[in-house]
Amino acid sequence: MAKQTEIRLTGSGGQGLILAGIILAESAILKGENAVQSQSYGPEARGGASKAEVIISKEEIDFPKVGKADIMLALTQVALDKYANTLKSEGLLVVDSSINVPEDLNVKNIVSIPILNTASEVIGKTMVANIVALGAIQELTDIVSKEYLEEAVLSRVPRGTEELNKRALQEGYNLVK
Amino acid sequence: MKNSKIKLMQGNEACVEGAIAAGMKFYGGYPITPSTEIAEFSAIKLPLVGGKFIQMEDEIAGIAAAIGGSLAGLKSMTATSGPGFSLKQENLGYAAIAEIPLVIVNVQRGGPSTGLPTAPAQADVMQAKWGTHGDHPTIALSPSSVKETFDLTVRAFNLAEKYRTPVIILTDEIVGHMREKIEIPDASELEIIDRKRPGNNEENYMPYRVREGELVPPMAAYGDGYRFHVTGLMHDETGFPSNSSENAEKLLDRLMEKIDNNLDDIIEYEEYMVEDAEIVVISYGSTARSAKSAIKQLRSQGIKVGLFRPITVWPFPEERVYELSQKVKSIVVAEMNLGQIVLEVERIVKGNCEIALVGKANGEVITPEEIVNKLKEVL
């Protein structure tokens, strides 16, 4: 089996998780690697628990869906409760600090940081929480590179919000420095 | 970006890029999940190349408009999913008998009826061949990746133009919605085929008269100046209806021979590690990716398995599957339905080897593990 990194981004509909997944996959491609991004639709598209999945690999990616993830982001309690068991025990869980992580959760690395609060209070825009989260994940794992991540962010966010999103990325890096 | 032609793209978008590259100038359709992005991207892209997009009042009108676009000389496409594919069947047959070049994309979702709108399936495979009534030729192509969606859309247009026949792209929600890396080829690298047209001022042009030794009649466009009749009734060379059984036999024979005499040109498949395989998995579309992953897992344990992936699903690669059946111990068919292509394989193999099915129709993908388990059971 090819060595590949599987990432599951979870939260509620409207938090921009699919866009975050697209940005992550695009930065991997900019770096010259392979990536597949997939998403779930249906009743969970608004509110409830929503997820985006990304697989990054230097080799060909066959099965496009994420099984047990290496890295998981949870931005809401509902999402964590629903998807907590879909993370590898040696994996990395990044959660918003507003979320209660069950004490018996068998995950080696858990990083609890104020992603939502940073977006709403430090930057002043709740909607950039997805980009703050990407910054934090990059800083923690070096999964792509800051250069390509920024390039992908700028190519995918709405025009006129570039500076805002650059700041969001920076605040994300800072959260885990 | 180092190479600006390398992009992260969704399958449905790659379909539209392929269509535009092939020369699509008209899209008529009605949006339906999970194919809607094909309509959306067509609406954005067509005006940029001087084409037209029209959203019709329903699925039937969508394919009807595309047929009209093609008769007016434009390369035309429509896209849909299960419920819409059912509605389009009558006009699919019309396009077959009237010999209208046309590309119909079916991004398969869970059925029957409105079923599971957002979930993947591969349960319209038999419908693609037999959904419209009467004997008729069928070409259906099934992509496994975003890149292949581009390539096969170009190919679908080429085959439609070359053989004057509707061509179906049978993709699925997984391939349609996932995003992955694609390198869009230069236009100069693509082979583009255009329908054969009658010469200027061809005396006594008849819309269904074939030239000596050929099977496909040249096609004039409405507006070119030729007056001709098009019908879903059996017709003779003039295009006007004919009730003669002799004529009906001749026409139907020719419609079938267009395809049957050109199987080498139409049929494509991929083989992966079949050379020394004791078991071959037959799988297509997104499920073939799970199958490939399963085969890699088992090969790393020294188990001799391989993959046969029909890229052209109809006409089915019958000859090659028969050959394989004489070499292997078993064939395992993996498909997101309760057993469709497996019936075709059973028919072809004629008991040469054991056949097993990994079938699933609950809206979830078939995982590599499920295929691994079946292969271990069969061993």
# chains A, B, ... in the order shown; residues from 1 in each chain; ligands from 1

call {"tool": "residues_around", "arguments": {"residues": "Arg167 of chain A", "least_positions_apart": "2", "cutoff": "12 Å", "atoms": "only C-alpha atoms", "output": "number ranges by chain"}}
result
A: 118-119, 122-125, 128-129, 131-132, 135, 150, 153-154, 161-165, 169-174

call {"tool": "residues_around", "arguments": {"residues": "Ile282 of chain B", "least_positions_apart": "2", "cutoff": "6 Å", "atoms": "only C-alpha atoms", "output": "PyMOL selection string"}}
result
chain B and resi 308-309+333

call {"tool": "atom_distance", "arguments": {"atom1": "atom CA of Glu344 of chain B", "atom2": "atom CA of Lys327 of chain B"}}
result
18.3 Å

call {"tool": "interface_residues", "arguments": {"of": "chain A", "to": "chain B", "cutoff": "9 Å", "atoms": "only C-alpha atoms", "output": "list in words"}}
result
Met1, Ile22, Ala25, Glu26, Ile29, Leu30, Glu33, Asn34, Ala35, Val36, Gln37, Ser38, Gln39, Ser40, Tyr41, Gly42, Ile61, Asp62, Phe63, Pro64, Lys65 and Glu151 of chain A

call {"tool": "atom_distance", "arguments": {"atom1": "atom CA of Arg197 of chain B", "atom2": "atom CA of Leu263 of chain B"}}
result
23.5 Å

call {"tool": "residues_around", "arguments": {"residues": "Ala19 of chain B", "least_positions_apart": "4", "cutoff": "6 Å", "atoms": "only C-alpha atoms", "output": "NGL selection string"}}
result
:B and (24 or 153-154)

call {"tool": "select_by_dssp", "arguments": {"residues": "segment 26-176 of chain A", "states": "strand (DSSP E)", "output": "PyMOL selection string"}}
result
chain A and resi 34-39+50-57+69-74+87-96+109-113

call {"tool": "write_last_selection", "arguments": {"atoms": "C-alpha atoms", "output": "PDB file, in the first residue's frame"}}
result
ATOM      1  CA  ASN A  34      -1.256  13.599  -5.732  1.00  0.00           C
ATOM      2  CA  ALA A  35      -4.437  14.476  -3.895  1.00  0.00           C
ATOM      3  CA  VAL A  36      -8.070  13.473  -3.916  1.00  0.00           C
ATOM      4  CA  GLN A  37     -10.786  15.500  -2.246  1.00  0.00           C
ATOM      5  CA  SER A  38     -14.288  14.205  -1.690  1.00  0.00           C
ATOM      6  CA  GLN A  39     -17.262  15.404   0.234  1.00  0.00           C
ATOM      7  CA  SER A  50     -20.479  17.838   7.929  1.00  0.00           C
ATOM      8  CA  LYS A  51     -17.181  16.545   6.643  1.00  0.00           C
ATOM      9  CA  ALA A  52     -14.676  16.932   3.853  1.00  0.00           C
ATOM     10  CA  GLU A  53     -12.020  14.342   3.134  1.00  0.00           C
ATOM     11  CA  VAL A  54      -8.618  14.675   1.564  1.00  0.00           C
ATOM     12  CA  ILE A  55      -5.997  12.081   0.710  1.00  0.00           C
ATOM     13  CA  ILE A  56      -2.478  13.229  -0.089  1.00  0.00           C
ATOM     14  CA  SER A  57       0.143  10.887  -1.490  1.00  0.00           C
ATOM     15  CA  ALA A  69      -7.855   9.204   9.229  1.00  0.00           C
ATOM     16  CA  ASP A  70      -4.312  10.205  10.128  1.00  0.00           C
ATOM     17  CA  ILE A  71      -5.378  13.764  10.851  1.00  0.00           C
ATOM     18  CA  MET A  72      -8.788  14.966  11.921  1.00  0.00           C
ATOM     19  CA  LEU A  73     -10.153  18.416  12.552  1.00  0.00           C
ATOM     20  CA  ALA A  74     -13.310  18.895  14.627  1.00  0.00           C
ATOM     21  CA  LEU A  87      -9.354   8.545  13.566  1.00  0.00           C
ATOM     22  CA  LYS A  88      -6.332   6.285  13.952  1.00  0.00           C
ATOM     23  CA  SER A  89      -5.188   5.858  17.551  1.00  0.00           C
ATOM     24  CA  GLU A  90      -1.726   7.109  16.565  1.00  0.00           C
ATOM     25  CA  GLY A  91      -3.295   9.980  14.643  1.00  0.00           C
ATOM     26  CA  LEU A  92      -3.625  13.688  15.325  1.00  0.00           C
ATOM     27  CA  LEU A  93      -6.842  15.317  16.485  1.00  0.00           C
ATOM     28  CA  VAL A  94      -7.146  19.087  16.214  1.00  0.00           C
ATOM     29  CA  VAL A  95     -10.203  20.378  18.056  1.00  0.00           C
ATOM     30  CA  ASP A  96     -11.606  23.748  18.848  1.00  0.00           C
ATOM     31  CA  ASN A 109      -2.048  13.424  19.829  1.00  0.00           C
ATOM     32  CA  ILE A 110      -4.792  15.823  20.743  1.00  0.00           C
ATOM     33  CA  VAL A 111      -4.377  19.546  20.191  1.00  0.00           C
ATOM     34  CA  SER A 112      -7.095  21.783  21.578  1.00  0.00           C
ATOM     35  CA  ILE A 113      -6.882  25.368  20.337  1.00  0.00           C
TER      36      ILE A 113
END

call {"tool": "residues_around", "arguments": {"residues": "Val321 of chain B", "least_positions_apart": "5", "cutoff": "12 Å", "atoms": "only C-alpha atoms", "output": "ChimeraX atom specification"}}
result
/B:269-271,274,280-282,307-310,316,326-328,330-333,341-342,344-350,352-353

call {"tool": "write_last_selection", "arguments": {"atoms": "C-alpha atoms", "output": "JSON list (two decimals), in the first residue's frame"}}
result
[["chain", "number", "residue", "atom", "x", "y", "z"],
["B", 269, "TYR", "CA", -10.12, -1.75, -21.46],
["B", 270, "GLU", "CA", -7.34, -1.66, -18.89],
["B", 271, "GLU", "CA", -5.58, -4.71, -17.52],
["B", 274, "VAL", "CA", -3.62, -10.16, -15.16],
["B", 280, "VAL", "CA", -9.32, -11.65, -12.08],
["B", 281, "VAL", "CA", -11.54, -8.91, -10.72],
["B", 282, "ILE", "CA", -13.79, -7.29, -13.32],
["B", 307, "LEU", "CA", -7.85, -6.41, -12.60],
["B", 308, "PHE", "CA", -9.77, -6.25, -15.84],
["B", 309, "ARG", "CA", -11.42, -2.85, -16.19],
["B", 310, "PRO", "CA", -13.83, -2.31, -19.08],
["B", 316, "PHE", "CA", -18.79, -5.26, -23.67],
["B", 326, "GLN", "CA", -9.92, -19.89, -20.11],
["B", 327, "LYS", "CA", -6.82, -18.95, -18.11],
["B", 328, "VAL", "CA", -8.06, -18.11, -14.63],
["B", 330, "SER", "CA", -12.20, -17.48, -10.98],
["B", 331, "ILE", "CA", -13.59, -14.14, -11.96],
["B", 332, "VAL", "CA", -14.93, -11.79, -9.29],
["B", 333, "VAL", "CA", -17.18, -8.98, -10.51],
["B", 341, "ILE", "CA", -22.38, -6.86, -15.50],
["B", 342, "VAL", "CA", -21.93, -10.17, -13.68],
["B", 344, "GLU", "CA", -22.99, -10.45, -18.97],
["B", 345, "VAL", "CA", -19.80, -12.10, -17.70],
["B", 346, "GLU", "CA", -21.66, -15.34, -16.90],
["B", 347, "ARG", "CA", -23.13, -15.34, -20.39],
["B", 348, "ILE", "CA", -19.74, -14.83, -22.01],
["B", 349, "VAL", "CA", -17.73, -17.20, -19.85],
["B", 350, "LYS", "CA", -20.04, -20.19, -20.47],
["B", 352, "ASN", "CA", -15.18, -21.82, -18.08],
["B", 353, "CYS", "CA", -14.41, -20.62, -14.57]]

call {"tool": "atom_distance", "arguments": {"atom1": "atom CA of Val66 of chain A", "atom2": "atom CA of Gln4 of chain A"}}
result
10.5 Å
